[in-house]
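Visitor: Here you go, one structure.
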Amino acid sequence: MWSNPRYHRMEGSMERSKIEKKLHKALDKERFCHTMGVMYTAASLAMAHGCDMEQALLAGLLHDCAKCIPNDKKLELCKKHHIEITRAEERSPFLLHAKLGAWYARKKYHIKDPDILHAIAVHTTGVPGMNLLDKIIYIADYIEPNRNKAPDLEQVRAMAFVDLDRTMLHILEGTLSYLEEGRGEIDPLTAETGTYFRELCNGQKARDKEESL
Ligand code: DGI
Ligand code: FE
Ligand code: FE
């Protein structure tokens with residue numbers, strides 16, 4: 001068991017139960033319930049898609065750890081800790097909870113695993129070239145059992161256990177059209193991630209078609 005590199009990578013990080021207790025204080029009740037939902041949904045997706053379950057649990061648990069910090073404080077903390085603030089983040093500071101969350105996970109929750117920190121940092125906008133863990137956290141955030149607002153949840157929940165890339169595209173297209181209706185300014189990173197998955201899925205569709213000929 002000790003030869004598993006994951007155990008070495010997790011050395012020095014806080015135990016999950018200790019992190020849970022700390023988050024219970026840092027988050028409001030609703031956010032804490034959402035967090036637990038994301039953690040277990042991410043674990044289930046990890047089982048279905050062959051991702052490391054411990055990484056999925058920890059990334060899910062910590063993904064919104066900076067969510068309950070007021071927006072002006074988010075900006076202030078990012079400046080103080082030299083975390084880059086893009087134009088889009090300056091205009092919609094709530095977006096910063098992802099990057100600031102990765103910083104908190106490292107500094108306050110002693111997470112060293114760069115994959116976990118990356119999944120937290122990109123969980124709101126996504127990023128072109130997202131890896132397996134990134135996609136699992138992004139999708140778990142959308143489908144966890146406490147979510148109930150999106151009209152397509154039943155379909156997305158089923159799709160998530162079959163095809164992560166198509167699920168990413170489906171969620172991103174929904175998010176982009178929601179934002180295009182004037183409900184928020186589109187971060188260029190969200191738009192680029194949408195284009196990335198559109199091209200990826202279209203390429204896959206063309207390859208499938210070629211194979212069937
Ligand atoms: O923190 P959560 O609410 O659990 O979930 P999240 O971090 O994925 O944030 C979800 C919100 O982020 C959702 O309302 C859509 C919004 N969002 C995603 N990309 C963008 C965005 N909002 C703006 N303004 N611009 C974006 O590019
Ligand atoms: Fe979030
Ligand atoms: Fe979330």
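Lettering and numbering for the structure tokens are positional, with chains as A, B, ... in the shown order, residues counted from 1 in each chain, and ligands counted from 1 in the shown order.
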Which residues are close to Thr41 of chain A, i.e. within 7 Å by only C-alpha atoms, leaving aside same-chain residues fewer than 4 positions away? Reply as a list in words.
Guide: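 Near neighbours after the sequence-gap exclusion: Gly37, Leu45, Ala140 and Glu144 of chain A.
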Visitor: Could you give me, as a count of residues only, every polymer residue with an atom at most 8 Å away from an atom of ligand 2, counting only C-alpha atoms and all ligand atoms?
Guide: 9
Visitor: With distances taken over only C-alpha atoms, which residue among A:Ile186, A:Ala43, A:Ala88, A:Leu169 lies nearest Gln55 of chain A?
Guide: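 For Gln55 of chain A, the nearest of the candidates is A:Ala43.
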Visitor: Between A:Lys112, A:Lys205, A:His81, A:Lys135, single out the one closest to Ile171 of chain A, counting only C-alpha atoms.
Guide: A:Lys135
Visitor: Can you measure atom 11 (C, counted along the ligand's line) of ligand 1 to atom CA of Asp163 of chain A for me? One decimal in Å is fine.
Guide: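 Computing it gives 22.0 Å between the two atoms.
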Visitor: So which residues are near ligand 1, meaning at most 10 Å away with only C-alpha atoms and all ligand atoms counted, given back as a PDB file with N, CA, C and O atoms, in the first residue's frame?
Guide:
```
ATOM      1  N   ARG A  31     -24.492  25.679   1.531  1.00  0.00           N
ATOM      2  CA  ARG A  31     -23.239  25.433   0.800  1.00  0.00           C
ATOM      3  C   ARG A  31     -22.546  24.176   1.302  1.00  0.00           C
ATOM      4  O   ARG A  31     -21.946  23.439   0.538  1.00  0.00           O
ATOM      5  N   HIS A  34     -24.373  21.240  -0.243  1.00  0.00           N
ATOM      6  CA  HIS A  34     -23.955  21.151  -1.654  1.00  0.00           C
ATOM      7  C   HIS A  34     -22.561  20.517  -1.748  1.00  0.00           C
ATOM      8  O   HIS A  34     -22.316  19.639  -2.578  1.00  0.00           O
ATOM      9  N   THR A  35     -21.668  20.956  -0.874  1.00  0.00           N
ATOM     10  CA  THR A  35     -20.286  20.455  -0.850  1.00  0.00           C
ATOM     11  C   THR A  35     -20.246  18.941  -0.643  1.00  0.00           C
ATOM     12  O   THR A  35     -19.527  18.225  -1.344  1.00  0.00           O
ATOM     13  N   VAL A  38     -21.431  17.258  -3.768  1.00  0.00           N
ATOM     14  CA  VAL A  38     -20.408  17.252  -4.830  1.00  0.00           C
ATOM     15  C   VAL A  38     -19.337  16.202  -4.511  1.00  0.00           C
ATOM     16  O   VAL A  38     -18.892  15.455  -5.387  1.00  0.00           O
ATOM     17  N   HIS A  63     -13.960  22.151  -3.278  1.00  0.00           N
ATOM     18  CA  HIS A  63     -14.091  22.985  -4.467  1.00  0.00           C
ATOM     19  C   HIS A  63     -14.681  24.374  -4.185  1.00  0.00           C
ATOM     20  O   HIS A  63     -14.287  25.347  -4.817  1.00  0.00           O
ATOM     21  N   ASP A  64     -15.592  24.475  -3.228  1.00  0.00           N
ATOM     22  CA  ASP A  64     -16.219  25.777  -2.926  1.00  0.00           C
ATOM     23  C   ASP A  64     -15.755  26.341  -1.582  1.00  0.00           C
ATOM     24  O   ASP A  64     -16.485  27.125  -0.955  1.00  0.00           O
ATOM     25  N   CYS A  65     -14.557  25.977  -1.131  1.00  0.00           N
ATOM     26  CA  CYS A  65     -14.132  26.381   0.229  1.00  0.00           C
ATOM     27  C   CYS A  65     -14.034  27.908   0.393  1.00  0.00           C
ATOM     28  O   CYS A  65     -14.098  28.402   1.505  1.00  0.00           O
ATOM     29  N   ALA A  66     -13.910  28.639  -0.741  1.00  0.00           N
ATOM     30  CA  ALA A  66     -13.811  30.105  -0.634  1.00  0.00           C
ATOM     31  C   ALA A  66     -15.117  30.796  -1.037  1.00  0.00           C
ATOM     32  O   ALA A  66     -15.165  32.015  -1.168  1.00  0.00           O
ATOM     33  N   LYS A  67     -16.168  30.021  -1.233  1.00  0.00           N
ATOM     34  CA  LYS A  67     -17.422  30.559  -1.773  1.00  0.00           C
ATOM     35  C   LYS A  67     -18.087  31.565  -0.818  1.00  0.00           C
ATOM     36  O   LYS A  67     -18.704  32.530  -1.258  1.00  0.00           O
ATOM     37  N   CYS A  68     -18.003  31.339   0.481  1.00  0.00           N
ATOM     38  CA  CYS A  68     -18.748  32.188   1.421  1.00  0.00           C
ATOM     39  C   CYS A  68     -17.981  33.432   1.878  1.00  0.00           C
ATOM     40  O   CYS A  68     -18.426  34.122   2.797  1.00  0.00           O
ATOM     41  N   ALA A  88     -12.504  39.853 -16.479  1.00  0.00           N
ATOM     42  CA  ALA A  88     -13.808  39.208 -16.238  1.00  0.00           C
ATOM     43  C   ALA A  88     -14.022  39.003 -14.734  1.00  0.00           C
ATOM     44  O   ALA A  88     -15.135  39.198 -14.232  1.00  0.00           O
ATOM     45  N   GLU A  89     -12.988  38.639 -14.030  1.00  0.00           N
ATOM     46  CA  GLU A  89     -13.105  38.408 -12.582  1.00  0.00           C
ATOM     47  C   GLU A  89     -13.285  39.718 -11.818  1.00  0.00           C
ATOM     48  O   GLU A  89     -13.980  39.764 -10.804  1.00  0.00           O
ATOM     49  N   ARG A  91     -14.934  42.185 -12.944  1.00  0.00           N
ATOM     50  CA  ARG A  91     -16.333  42.564 -13.151  1.00  0.00           C
ATOM     51  C   ARG A  91     -17.297  41.592 -12.482  1.00  0.00           C
ATOM     52  O   ARG A  91     -18.399  41.972 -12.102  1.00  0.00           O
ATOM     53  N   SER A  92     -16.938  40.329 -12.349  1.00  0.00           N
ATOM     54  CA  SER A  92     -17.777  39.333 -11.667  1.00  0.00           C
ATOM     55  C   SER A  92     -16.921  38.620 -10.611  1.00  0.00           C
ATOM     56  O   SER A  92     -16.505  37.472 -10.805  1.00  0.00           O
ATOM     57  N   PRO A  93     -16.674  39.305  -9.490  1.00  0.00           N
ATOM     58  CA  PRO A  93     -15.703  38.781  -8.501  1.00  0.00           C
ATOM     59  C   PRO A  93     -16.078  37.421  -7.900  1.00  0.00           C
ATOM     60  O   PRO A  93     -15.204  36.734  -7.381  1.00  0.00           O
ATOM     61  N   PHE A  94     -17.372  37.015  -8.013  1.00  0.00           N
ATOM     62  CA  PHE A  94     -17.726  35.703  -7.454  1.00  0.00           C
ATOM     63  C   PHE A  94     -16.918  34.593  -8.150  1.00  0.00           C
ATOM     64  O   PHE A  94     -16.633  33.551  -7.565  1.00  0.00           O
ATOM     65  N   LEU A  95     -16.533  34.865  -9.436  1.00  0.00           N
ATOM     66  CA  LEU A  95     -15.753  33.867 -10.187  1.00  0.00           C
ATOM     67  C   LEU A  95     -14.442  33.516  -9.464  1.00  0.00           C
ATOM     68  O   LEU A  95     -13.908  32.419  -9.624  1.00  0.00           O
ATOM     69  N   LEU A  96     -13.950  34.474  -8.679  1.00  0.00           N
ATOM     70  CA  LEU A  96     -12.661  34.274  -7.992  1.00  0.00           C
ATOM     71  C   LEU A  96     -12.692  33.169  -6.946  1.00  0.00           C
ATOM     72  O   LEU A  96     -11.634  32.729  -6.486  1.00  0.00           O
ATOM     73  N   HIS A  97     -13.902  32.701  -6.556  1.00  0.00           N
ATOM     74  CA  HIS A  97     -13.923  31.685  -5.490  1.00  0.00           C
ATOM     75  C   HIS A  97     -13.217  30.398  -5.926  1.00  0.00           C
ATOM     76  O   HIS A  97     -12.760  29.627  -5.092  1.00  0.00           O
ATOM     77  N   ALA A  98     -13.089  30.211  -7.252  1.00  0.00           N
ATOM     78  CA  ALA A  98     -12.409  29.000  -7.735  1.00  0.00           C
ATOM     79  C   ALA A  98     -10.892  29.106  -7.519  1.00  0.00           C
ATOM     80  O   ALA A  98     -10.293  28.259  -6.851  1.00  0.00           O
ATOM     81  N   ILE A 120      -9.935  22.391  -8.502  1.00  0.00           N
ATOM     82  CA  ILE A 120     -10.647  23.440  -7.749  1.00  0.00           C
ATOM     83  C   ILE A 120     -10.561  24.765  -8.519  1.00  0.00           C
ATOM     84  O   ILE A 120     -11.559  25.462  -8.709  1.00  0.00           O
ATOM     85  N   ALA A 121      -9.373  25.087  -9.009  1.00  0.00           N
ATOM     86  CA  ALA A 121      -9.152  26.381  -9.685  1.00  0.00           C
ATOM     87  C   ALA A 121      -9.987  26.541 -10.953  1.00  0.00           C
ATOM     88  O   ALA A 121     -10.374  27.653 -11.301  1.00  0.00           O
ATOM     89  N   VAL A 122     -10.277  25.443 -11.652  1.00  0.00           N
ATOM     90  CA  VAL A 122     -10.991  25.560 -12.936  1.00  0.00           C
ATOM     91  C   VAL A 122     -12.465  25.129 -12.851  1.00  0.00           C
ATOM     92  O   VAL A 122     -13.121  24.993 -13.873  1.00  0.00           O
ATOM     93  N   HIS A 123     -12.986  24.942 -11.631  1.00  0.00           N
ATOM     94  CA  HIS A 123     -14.310  24.312 -11.541  1.00  0.00           C
ATOM     95  C   HIS A 123     -15.469  25.218 -11.983  1.00  0.00           C
ATOM     96  O   HIS A 123     -16.566  24.730 -12.237  1.00  0.00           O
ATOM     97  N   THR A 124     -15.262  26.523 -12.105  1.00  0.00           N
ATOM     98  CA  THR A 124     -16.382  27.409 -12.486  1.00  0.00           C
ATOM     99  C   THR A 124     -16.416  27.689 -13.986  1.00  0.00           C
ATOM    100  O   THR A 124     -17.481  27.592 -14.612  1.00  0.00           O
ATOM    101  N   THR A 125     -15.274  28.043 -14.569  1.00  0.00           N
ATOM    102  CA  THR A 125     -15.247  28.364 -16.008  1.00  0.00           C
ATOM    103  C   THR A 125     -14.862  27.163 -16.853  1.00  0.00           C
ATOM    104  O   THR A 125     -15.130  27.146 -18.052  1.00  0.00           O
ATOM    105  N   GLY A 126     -14.163  26.192 -16.247  1.00  0.00           N
ATOM    106  CA  GLY A 126     -13.530  25.146 -17.040  1.00  0.00           C
ATOM    107  C   GLY A 126     -12.297  25.732 -17.700  1.00  0.00           C
ATOM    108  O   GLY A 126     -12.001  26.943 -17.540  1.00  0.00           O
ATOM    109  N   ILE A 137     -15.107  17.008 -11.389  1.00  0.00           N
ATOM    110  CA  ILE A 137     -15.514  18.014 -10.394  1.00  0.00           C
ATOM    111  C   ILE A 137     -16.492  19.015 -11.020  1.00  0.00           C
ATOM    112  O   ILE A 137     -17.516  19.364 -10.423  1.00  0.00           O
ATOM    113  N   TYR A 138     -16.191  19.452 -12.232  1.00  0.00           N
ATOM    114  CA  TYR A 138     -17.070  20.412 -12.920  1.00  0.00           C
ATOM    115  C   TYR A 138     -18.479  19.822 -13.059  1.00  0.00           C
ATOM    116  O   TYR A 138     -19.481  20.485 -12.790  1.00  0.00           O
ATOM    117  N   ILE A 139     -18.541  18.567 -13.474  1.00  0.00           N
ATOM    118  CA  ILE A 139     -19.843  17.932 -13.709  1.00  0.00           C
ATOM    119  C   ILE A 139     -20.553  17.599 -12.389  1.00  0.00           C
ATOM    120  O   ILE A 139     -21.757  17.833 -12.249  1.00  0.00           O
ATOM    121  N   ALA A 140     -19.803  17.093 -11.408  1.00  0.00           N
ATOM    122  CA  ALA A 140     -20.406  16.773 -10.103  1.00  0.00           C
ATOM    123  C   ALA A 140     -21.039  18.029  -9.496  1.00  0.00           C
ATOM    124  O   ALA A 140     -22.103  17.963  -8.869  1.00  0.00           O
ATOM    125  N   ASP A 141     -20.395  19.165  -9.706  1.00  0.00           N
ATOM    126  CA  ASP A 141     -20.899  20.445  -9.198  1.00  0.00           C
ATOM    127  C   ASP A 141     -22.291  20.749  -9.777  1.00  0.00           C
ATOM    128  O   ASP A 141     -23.143  21.327  -9.115  1.00  0.00           O
ATOM    129  N   TYR A 142     -22.506  20.349 -11.002  1.00  0.00           N
ATOM    130  CA  TYR A 142     -23.772  20.630 -11.691  1.00  0.00           C
ATOM    131  C   TYR A 142     -24.863  19.620 -11.357  1.00  0.00           C
ATOM    132  O   TYR A 142     -26.042  19.979 -11.267  1.00  0.00           O
ATOM    133  N   GLU A 144     -24.984  17.261  -8.640  1.00  0.00           N
ATOM    134  CA  GLU A 144     -25.119  16.666  -7.288  1.00  0.00           C
ATOM    135  C   GLU A 144     -26.593  16.698  -6.831  1.00  0.00           C
ATOM    136  O   GLU A 144     -27.353  17.574  -7.270  1.00  0.00           O
ATOM    137  N   ARG A 147     -28.903  19.845  -6.206  1.00  0.00           N
ATOM    138  CA  ARG A 147     -29.217  20.780  -7.295  1.00  0.00           C
ATOM    139  C   ARG A 147     -30.623  20.474  -7.795  1.00  0.00           C
ATOM    140  O   ARG A 147     -30.993  19.299  -7.973  1.00  0.00           O
ATOM    141  N   ILE A 171     -23.400  20.995 -20.644  1.00  0.00           N
ATOM    142  CA  ILE A 171     -23.488  21.972 -19.536  1.00  0.00           C
ATOM    143  C   ILE A 171     -22.981  23.338 -20.009  1.00  0.00           C
ATOM    144  O   ILE A 171     -23.596  24.374 -19.741  1.00  0.00           O
ATOM    145  N   LEU A 172     -21.846  23.335 -20.720  1.00  0.00           N
ATOM    146  CA  LEU A 172     -21.267  24.610 -21.169  1.00  0.00           C
ATOM    147  C   LEU A 172     -22.200  25.340 -22.131  1.00  0.00           C
ATOM    148  O   LEU A 172     -22.348  26.566 -22.044  1.00  0.00           O
ATOM    149  N   GLY A 174     -25.423  25.170 -22.213  1.00  0.00           N
ATOM    150  CA  GLY A 174     -26.509  25.708 -21.388  1.00  0.00           C
ATOM    151  C   GLY A 174     -26.060  26.954 -20.641  1.00  0.00           C
ATOM    152  O   GLY A 174     -26.767  27.968 -20.610  1.00  0.00           O
ATOM    153  N   THR A 175     -24.877  26.901 -20.056  1.00  0.00           N
ATOM    154  CA  THR A 175     -24.344  28.044 -19.292  1.00  0.00           C
ATOM    155  C   THR A 175     -24.134  29.234 -20.217  1.00  0.00           C
ATOM    156  O   THR A 175     -24.512  30.371 -19.889  1.00  0.00           O
ATOM    157  N   LEU A 176     -23.551  28.996 -21.400  1.00  0.00           N
ATOM    158  CA  LEU A 176     -23.285  30.099 -22.325  1.00  0.00           C
ATOM    159  C   LEU A 176     -24.584  30.728 -22.820  1.00  0.00           C
ATOM    160  O   LEU A 176     -24.683  31.960 -22.877  1.00  0.00           O
ATOM    161  N   TYR A 178     -27.435  30.765 -21.221  1.00  0.00           N
ATOM    162  CA  TYR A 178     -27.987  31.464 -20.053  1.00  0.00           C
ATOM    163  C   TYR A 178     -27.304  32.836 -19.886  1.00  0.00           C
ATOM    164  O   TYR A 178     -27.967  33.860 -19.705  1.00  0.00           O
ATOM    165  N   LEU A 179     -25.980  32.849 -20.026  1.00  0.00           N
ATOM    166  CA  LEU A 179     -25.244  34.115 -19.869  1.00  0.00           C
ATOM    167  C   LEU A 179     -25.534  35.063 -21.038  1.00  0.00           C
ATOM    168  O   LEU A 179     -25.619  36.280 -20.841  1.00  0.00           O
ATOM    169  N   GLU A 180     -25.721  34.500 -22.230  1.00  0.00           N
ATOM    170  CA  GLU A 180     -26.022  35.332 -23.405  1.00  0.00           C
ATOM    171  C   GLU A 180     -27.374  36.026 -23.304  1.00  0.00           C
ATOM    172  O   GLU A 180     -27.619  37.028 -23.968  1.00  0.00           O
ATOM    173  N   GLY A 182     -28.187  37.733 -21.066  1.00  0.00           N
ATOM    174  CA  GLY A 182     -27.936  38.934 -20.273  1.00  0.00           C
ATOM    175  C   GLY A 182     -27.873  38.672 -18.783  1.00  0.00           C
ATOM    176  O   GLY A 182     -27.925  39.593 -17.968  1.00  0.00           O
ATOM    177  N   ARG A 183     -27.716  37.406 -18.419  1.00  0.00           N
ATOM    178  CA  ARG A 183     -27.719  37.091 -16.989  1.00  0.00           C
ATOM    179  C   ARG A 183     -26.323  37.205 -16.358  1.00  0.00           C
ATOM    180  O   ARG A 183     -26.158  36.952 -15.173  1.00  0.00           O
ATOM    181  N   GLY A 184     -25.315  37.535 -17.163  1.00  0.00           N
ATOM    182  CA  GLY A 184     -23.960  37.682 -16.630  1.00  0.00           C
ATOM    183  C   GLY A 184     -22.985  37.833 -17.770  1.00  0.00           C
ATOM    184  O   GLY A 184     -23.295  37.468 -18.905  1.00  0.00           O
ATOM    185  N   GLU A 185     -21.826  38.402 -17.448  1.00  0.00           N
ATOM    186  CA  GLU A 185     -20.829  38.606 -18.493  1.00  0.00           C
ATOM    187  C   GLU A 185     -20.032  37.317 -18.696  1.00  0.00           C
ATOM    188  O   GLU A 185     -19.626  36.679 -17.718  1.00  0.00           O
ATOM    189  N   ILE A 186     -19.835  36.955 -19.940  1.00  0.00           N
ATOM    190  CA  ILE A 186     -19.115  35.699 -20.221  1.00  0.00           C
ATOM    191  C   ILE A 186     -17.618  35.896 -20.016  1.00  0.00           C
ATOM    192  O   ILE A 186     -17.014  36.795 -20.595  1.00  0.00           O
ATOM    193  N   ASP A 187     -17.026  35.068 -19.165  1.00  0.00           N
ATOM    194  CA  ASP A 187     -15.572  35.047 -18.993  1.00  0.00           C
ATOM    195  C   ASP A 187     -15.013  34.384 -20.257  1.00  0.00           C
ATOM    196  O   ASP A 187     -15.485  33.306 -20.646  1.00  0.00           O
ATOM    197  N   PRO A 188     -14.011  35.002 -20.927  1.00  0.00           N
ATOM    198  CA  PRO A 188     -13.457  34.398 -22.146  1.00  0.00           C
ATOM    199  C   PRO A 188     -13.057  32.932 -21.953  1.00  0.00           C
ATOM    200  O   PRO A 188     -13.155  32.129 -22.881  1.00  0.00           O
ATOM    201  N   LEU A 189     -12.674  32.577 -20.725  1.00  0.00           N
ATOM    202  CA  LEU A 189     -12.272  31.194 -20.456  1.00  0.00           C
ATOM    203  C   LEU A 189     -13.459  30.228 -20.600  1.00  0.00           C
ATOM    204  O   LEU A 189     -13.306  29.108 -21.090  1.00  0.00           O
ATOM    205  N   THR A 190     -14.649  30.668 -20.187  1.00  0.00           N
ATOM    206  CA  THR A 190     -15.850  29.832 -20.351  1.00  0.00           C
ATOM    207  C   THR A 190     -16.138  29.640 -21.839  1.00  0.00           C
ATOM    208  O   THR A 190     -16.442  28.530 -22.283  1.00  0.00           O
ATOM    209  N   ALA A 191     -16.014  30.735 -22.614  1.00  0.00           N
ATOM    210  CA  ALA A 191     -16.259  30.664 -24.059  1.00  0.00           C
ATOM    211  C   ALA A 191     -15.236  29.729 -24.720  1.00  0.00           C
ATOM    212  O   ALA A 191     -15.601  28.880 -25.543  1.00  0.00           O
ATOM    213  N   GLU A 192     -13.962  29.875 -24.345  1.00  0.00           N
ATOM    214  CA  GLU A 192     -12.906  29.023 -24.931  1.00  0.00           C
ATOM    215  C   GLU A 192     -13.118  27.550 -24.574  1.00  0.00           C
ATOM    216  O   GLU A 192     -12.871  26.665 -25.390  1.00  0.00           O
ATOM    217  N   THR A 193     -13.570  27.311 -23.358  1.00  0.00           N
ATOM    218  CA  THR A 193     -13.822  25.927 -22.943  1.00  0.00           C
ATOM    219  C   THR A 193     -14.978  25.341 -23.751  1.00  0.00           C
ATOM    220  O   THR A 193     -14.931  24.181 -24.170  1.00  0.00           O
TER     221      THR A 193
END
```
Visitor: Give me the residues near Leu200 of chain A as a short mmCIF file (atom, residue, chain, number, x, y, z; two decimals) with all heavy atoms, in the first residue's frame, where near means some atom within 12 Å (using only C-alpha atoms) and where sequence neighbours in that chain fewer than 2 positions away do not count.
Guide:
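Final output, saved to around-v4.cif:
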```
data_model
loop_
_atom_site.label_atom_id
_atom_site.label_comp_id
_atom_site.auth_asym_id
_atom_site.auth_seq_id
_atom_site.Cartn_x
_atom_site.Cartn_y
_atom_site.Cartn_z
N PRO A 128 -9.76 24.91 -21.54
CA PRO A 128 -9.49 23.97 -22.63
C PRO A 128 -8.47 22.92 -22.18
O PRO A 128 -7.54 23.24 -21.45
CB PRO A 128 -8.90 24.87 -23.73
CG PRO A 128 -9.48 26.23 -23.46
CD PRO A 128 -9.54 26.33 -21.95
N GLY A 129 -8.70 21.68 -22.59
CA GLY A 129 -7.76 20.59 -22.24
C GLY A 129 -7.95 20.05 -20.83
O GLY A 129 -7.05 19.40 -20.30
N MET A 130 -9.10 20.31 -20.24
CA MET A 130 -9.37 19.80 -18.88
C MET A 130 -9.08 18.30 -18.78
O MET A 130 -9.42 17.55 -19.68
CB MET A 130 -10.86 20.01 -18.53
CG MET A 130 -11.21 21.45 -18.26
SD MET A 130 -13.00 21.66 -18.26
CE MET A 130 -13.38 21.27 -16.55
N LEU A 164 -18.19 11.84 -20.45
CA LEU A 164 -17.85 13.10 -19.75
C LEU A 164 -17.72 14.28 -20.73
O LEU A 164 -18.14 15.40 -20.41
CB LEU A 164 -16.55 12.94 -18.97
CG LEU A 164 -16.58 12.02 -17.76
CD1 LEU A 164 -15.19 11.87 -17.15
CD2 LEU A 164 -17.55 12.52 -16.68
N ASP A 165 -17.13 14.05 -21.90
CA ASP A 165 -16.92 15.17 -22.83
C ASP A 165 -18.25 15.72 -23.36
O ASP A 165 -18.44 16.93 -23.41
CB ASP A 165 -16.02 14.74 -24.00
CG ASP A 165 -14.59 14.48 -23.52
OD1 ASP A 165 -14.17 15.12 -22.54
OD2 ASP A 165 -13.91 13.62 -24.12
N ARG A 166 -19.16 14.83 -23.70
CA ARG A 166 -20.47 15.29 -24.17
C ARG A 166 -21.24 15.98 -23.05
O ARG A 166 -21.98 16.93 -23.28
CB ARG A 166 -21.30 14.12 -24.72
CG ARG A 166 -20.85 13.73 -26.07
CD ARG A 166 -21.79 12.78 -26.79
NE ARG A 166 -21.06 12.19 -27.90
CZ ARG A 166 -20.70 12.85 -28.99
NH1 ARG A 166 -21.05 14.10 -29.15
NH2 ARG A 166 -19.99 12.26 -29.93
N MET A 168 -19.83 17.67 -20.59
CA MET A 168 -19.20 18.99 -20.46
C MET A 168 -19.79 19.95 -21.50
O MET A 168 -20.15 21.07 -21.18
CB MET A 168 -17.68 18.88 -20.70
CG MET A 168 -16.88 18.30 -19.57
SD MET A 168 -16.94 19.23 -18.02
CE MET A 168 -16.50 20.88 -18.49
N LEU A 169 -19.87 19.47 -22.75
CA LEU A 169 -20.38 20.32 -23.83
C LEU A 169 -21.82 20.74 -23.53
O LEU A 169 -22.17 21.91 -23.67
CB LEU A 169 -20.29 19.57 -25.17
CG LEU A 169 -20.83 20.33 -26.37
CD1 LEU A 169 -20.08 21.65 -26.58
CD2 LEU A 169 -20.75 19.49 -27.65
N THR A 193 -13.57 27.31 -23.36
CA THR A 193 -13.82 25.93 -22.94
C THR A 193 -14.98 25.34 -23.75
O THR A 193 -14.93 24.18 -24.17
CB THR A 193 -14.12 25.86 -21.42
OG1 THR A 193 -13.11 26.58 -20.73
CG2 THR A 193 -14.13 24.43 -20.92
N GLY A 194 -15.99 26.16 -24.00
CA GLY A 194 -17.13 25.72 -24.82
C GLY A 194 -16.65 25.34 -26.22
O GLY A 194 -17.00 24.27 -26.75
N THR A 195 -15.83 26.19 -26.83
CA THR A 195 -15.30 25.92 -28.18
C THR A 195 -14.46 24.64 -28.17
O THR A 195 -14.57 23.80 -29.08
CB THR A 195 -14.42 27.12 -28.64
OG1 THR A 195 -15.21 28.28 -28.55
CG2 THR A 195 -13.91 26.94 -30.05
N TYR A 196 -13.65 24.49 -27.13
CA TYR A 196 -12.79 23.30 -27.02
C TYR A 196 -13.64 22.01 -27.04
O TYR A 196 -13.36 21.09 -27.80
CB TYR A 196 -11.96 23.40 -25.74
CG TYR A 196 -11.24 22.11 -25.39
CD1 TYR A 196 -10.05 21.76 -26.02
CD2 TYR A 196 -11.76 21.24 -24.43
CE1 TYR A 196 -9.40 20.57 -25.71
CE2 TYR A 196 -11.13 20.05 -24.12
CZ TYR A 196 -9.94 19.72 -24.76
OH TYR A 196 -9.31 18.54 -24.46
N PHE A 197 -14.70 21.97 -26.23
CA PHE A 197 -15.51 20.74 -26.16
C PHE A 197 -16.36 20.55 -27.41
O PHE A 197 -16.62 19.43 -27.82
CB PHE A 197 -16.35 20.70 -24.87
CG PHE A 197 -15.52 20.26 -23.69
CD1 PHE A 197 -15.07 21.19 -22.77
CD2 PHE A 197 -15.15 18.92 -23.53
CE1 PHE A 197 -14.26 20.80 -21.69
CE2 PHE A 197 -14.35 18.52 -22.46
CZ PHE A 197 -13.90 19.47 -21.54
N ARG A 198 -16.77 21.67 -28.03
CA ARG A 198 -17.54 21.57 -29.28
C ARG A 198 -16.66 20.91 -30.35
O ARG A 198 -17.07 19.96 -31.02
CB ARG A 198 -17.97 22.97 -29.73
CG ARG A 198 -19.29 22.98 -30.45
CD ARG A 198 -19.81 24.41 -30.61
NE ARG A 198 -20.16 25.03 -29.35
CZ ARG A 198 -19.66 26.18 -28.88
NH1 ARG A 198 -18.77 26.85 -29.57
NH2 ARG A 198 -20.06 26.65 -27.72
N ASN A 202 -17.26 17.24 -31.89
CA ASN A 202 -17.53 17.15 -33.33
C ASN A 202 -16.50 16.26 -34.01
O ASN A 202 -16.83 15.48 -34.89
CB ASN A 202 -17.51 18.54 -33.97
CG ASN A 202 -18.78 19.30 -33.62
OD1 ASN A 202 -19.75 18.70 -33.16
ND2 ASN A 202 -18.76 20.61 -33.81
N GLY A 203 -15.23 16.36 -33.58
CA GLY A 203 -14.16 15.52 -34.12
C GLY A 203 -14.45 14.06 -33.84
O GLY A 203 -14.32 13.20 -34.71
N GLN A 204 -14.93 13.80 -32.64
CA GLN A 204 -15.25 12.43 -32.24
C GLN A 204 -16.41 11.89 -33.08
O GLN A 204 -16.38 10.76 -33.55
CB GLN A 204 -15.58 12.37 -30.73
CG GLN A 204 -15.73 10.98 -30.18
CD GLN A 204 -14.48 10.12 -30.41
OE1 GLN A 204 -13.38 10.54 -30.11
NE2 GLN A 204 -14.68 8.94 -30.98
N LYS A 205 -17.40 12.77 -33.29
CA LYS A 205 -18.58 12.37 -34.08
C LYS A 205 -18.15 12.00 -35.50
O LYS A 205 -18.58 10.98 -36.05
CB LYS A 205 -19.57 13.55 -34.13
CG LYS A 205 -21.00 13.14 -33.83
CD LYS A 205 -21.93 14.29 -34.11
CE LYS A 205 -22.44 14.96 -32.85
NZ LYS A 205 -23.17 16.20 -33.11
N ALA A 206 -17.24 12.82 -36.08
CA ALA A 206 -16.78 12.56 -37.45
C ALA A 206 -16.01 11.24 -37.50
O ALA A 206 -16.17 10.46 -38.44
CB ALA A 206 -15.88 13.72 -37.90
N ARG A 207 -15.20 10.97 -36.47
CA ARG A 207 -14.43 9.71 -36.43
C ARG A 207 -15.37 8.51 -36.32
O ARG A 207 -15.19 7.50 -36.98
CB ARG A 207 -13.42 9.72 -35.27
CG ARG A 207 -12.13 10.47 -35.63
CD ARG A 207 -11.06 10.25 -34.58
NE ARG A 207 -11.43 10.82 -33.28
CZ ARG A 207 -11.31 12.11 -32.96
NH1 ARG A 207 -10.81 12.96 -33.84
NH2 ARG A 207 -11.66 12.55 -31.77
#
```
Visitor: For Glu15 of chain A, which residue among A:Tyr109, A:Glu30, A:Leu77, A:Ile83 is the nearest when counting only C-alpha atoms?
Guide: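 Closest to Glu15 of chain A, using only C-alpha atoms: A:Tyr109.
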